[in-house]
Amino acid sequence: MSANPRSTAKIANHPLHPMLIPFPVAFLVGAFVSDLAFLGTGDGFWARASIWLIGTAIVMALLAALAGFADFLSEPRIRALSDAWYHMIGNLTAVVAAAINFALRYGQGAEAAIKPWGAALSFVVVCILLFTGWKGWEMVYRHRVAVLDSPAQASTADRAPTSGRRTA
């Protein structure tokens, strides 16, 4: 067993969760920026962009959550970290708030829902993401979750096949 907690959801020893999370984060921050653009211009394009960004963010967040849950549930050392719990619960809260935001916009119309609740929810989601991003940073850089101790730590089963030549 390695000294650092290992990711189980990975491809060629690269953890999937950190590869997927930039998408929902960027989409949700983009939705808040689009809300601000709509509030500043009144152009319906920005309201439509926001609802699409939020909807896409929810889908991508669910994919990232699958990888995150696989790591969280399969590695007791990750579950033992309070930062992991804050990260998980915070991200679930952000996704629920984004889903409520999406439902409001879908039900009331993209433009009508932005003032005031849509923009407020987008702002709250961005604030939550700042916190959960910090906790994710703590997990990697402080607790070294999914960080290899050395290149030799990677098992041959985890590595992509080489050209067939054996190296000494």
# chains A, B, ... in the order shown; residues from 1 in each chain; ligands from 1
$ residues_around --residues "Val95 of chain A" --least-positions-apart "3" --cutoff "10 Å" --atoms "only C-alpha atoms" --output "PyMOL selection string"
chain A and resi 24+28+54+57-59+61-62+65+89-92+98-101+125+128-129
$ residues_around --residues "Ser82 of chain A" --least-positions-apart "5" --cutoff "12 Å" --atoms "only C-alpha atoms" --output "PyMOL selection string"
chain A and resi 72+77+87-90+132+135-136+138-139+143
$ write_last_selection --atoms "N, CA and C atoms" --output "tab-separated table (two decimals), in the first residue's frame"
chain	number	residue	atom	x	y	z
A	72	PHE	N	-13.75	8.31	-3.01
A	72	PHE	CA	-14.16	8.52	-1.62
A	72	PHE	C	-14.59	7.21	-0.96
A	77	ARG	N	-8.71	6.09	3.77
A	77	ARG	CA	-7.89	7.23	4.17
A	77	ARG	C	-8.44	8.53	3.62
A	87	HIS	N	-15.45	18.96	1.11
A	87	HIS	CA	-15.40	19.03	-0.35
A	87	HIS	C	-16.64	18.36	-0.97
A	88	MET	N	-16.93	17.14	-0.49
A	88	MET	CA	-18.05	16.39	-1.05
A	88	MET	C	-19.39	17.06	-0.73
A	89	ILE	N	-19.63	17.38	0.53
A	89	ILE	CA	-20.91	17.97	0.92
A	89	ILE	C	-21.10	19.34	0.27
A	90	GLY	N	-20.03	20.11	0.22
A	90	GLY	CA	-20.10	21.42	-0.44
A	90	GLY	C	-20.43	21.30	-1.91
A	132	THR	N	-15.12	24.80	-1.84
A	132	THR	CA	-14.85	23.38	-2.13
A	132	THR	C	-13.58	23.22	-2.96
A	135	LYS	N	-10.87	23.23	-0.47
A	135	LYS	CA	-10.80	21.94	0.21
A	135	LYS	C	-10.21	20.86	-0.71
A	136	GLY	N	-10.53	20.90	-1.98
A	136	GLY	CA	-9.92	19.97	-2.93
A	136	GLY	C	-8.42	20.21	-3.03
A	138	GLU	N	-6.57	21.37	-0.63
A	138	GLU	CA	-6.02	20.83	0.62
A	138	GLU	C	-5.83	19.32	0.51
A	139	MET	N	-6.78	18.65	-0.11
A	139	MET	CA	-6.68	17.19	-0.23
A	139	MET	C	-5.46	16.78	-1.05
A	143	HIS	N	-2.76	16.80	1.93
A	143	HIS	CA	-2.93	15.39	2.30
A	143	HIS	C	-2.41	14.45	1.22
$ closest_residue --among "A:Ala47, A:Ala26, A:Met19, A:Val140" --to "Leu81 of chain A" --atoms "only C-alpha atoms"
A:Val140
$ select_by_dssp --residues "segment 3-144 of chain A" --states "strand (DSSP E)" --output "PyMOL selection string"
chain A and resi 10-11+14-15
$ atom_distance --atom1 "atom CA of Trp134 of chain A" --atom2 "atom CA of Trp52 of chain A"
26.2 Å
$ select_by_dssp --residues "segment 10-121 of chain A" --states "alpha helix (DSSP H)" --output "ChimeraX atom specification"
/A:17-20,22-41,44-74,76-79,82-108,119-121
$ residues_around --residues "Phe102 of chain A" --least-positions-apart "4" --cutoff "12 Å" --atoms "only C-alpha atoms" --output "NGL selection string"
:A and (28 or 31 or 47-59 or 95-98 or 106-111 or 113-114 or 117-119 or 121-122)
$ write_last_selection --atoms "C-alpha atoms" --output "short mmCIF file (atom, residue, chain, number, x, y, z; two decimals), in the first residue's frame"
data_model
loop_
_atom_site.label_atom_id
_atom_site.label_comp_id
_atom_site.auth_asym_id
_atom_site.auth_seq_id
_atom_site.Cartn_x
_atom_site.Cartn_y
_atom_site.Cartn_z
CA LEU A 28 -21.09 27.56 -13.33
CA ALA A 31 -23.32 31.21 -15.83
CA ALA A 47 -30.05 34.63 -20.11
CA ARG A 48 -30.21 31.76 -22.61
CA ALA A 49 -26.44 31.24 -22.30
CA SER A 50 -26.80 31.00 -18.51
CA ILE A 51 -29.45 28.29 -18.58
CA TRP A 52 -27.42 26.24 -21.05
CA LEU A 53 -24.28 26.67 -18.97
CA ILE A 54 -26.08 25.62 -15.78
CA GLY A 55 -27.68 22.59 -17.43
CA THR A 56 -24.39 21.45 -18.92
CA ALA A 57 -22.61 22.07 -15.60
CA ILE A 58 -25.06 19.80 -13.79
CA VAL A 59 -24.43 16.95 -16.25
CA VAL A 95 -25.10 21.01 -7.55
CA VAL A 96 -28.44 21.08 -5.71
CA ALA A 97 -28.42 24.91 -5.76
CA ALA A 98 -27.56 24.82 -9.47
CA TYR A 106 -36.82 26.49 -16.96
CA GLY A 107 -40.16 27.06 -15.22
CA GLN A 108 -40.26 30.87 -15.26
CA GLY A 109 -38.28 31.51 -18.41
CA ALA A 110 -34.56 32.17 -18.63
CA GLU A 111 -34.88 35.96 -18.48
CA ALA A 113 -35.76 34.01 -13.33
CA ILE A 114 -32.47 35.92 -13.32
CA TRP A 117 -33.06 34.75 -7.55
CA GLY A 118 -31.23 33.35 -10.56
CA ALA A 119 -28.28 35.71 -10.24
CA LEU A 121 -28.18 31.52 -6.73
CA SER A 122 -25.40 31.72 -9.31
#
$ closest_residue --among "A:Lys115, A:Phe131, A:Trp137, A:Ala80" --to "Leu36 of chain A" --atoms "only C-alpha atoms"
A:Lys115
$ atom_distance --atom1 "atom CA of Ser74 of chain A" --atom2 "atom CA of Ala3 of chain A"
15.8 Å
$ atom_distance --atom1 "atom CA of His17 of chain A" --atom2 "atom CA of Gly133 of chain A"
12.5 Å
$ closest_residue --among "A:Ala103, A:Ala112, A:Val126, A:Ala84" --to "Asp71 of chain A" --atoms "only C-alpha atoms"
A:Ala84
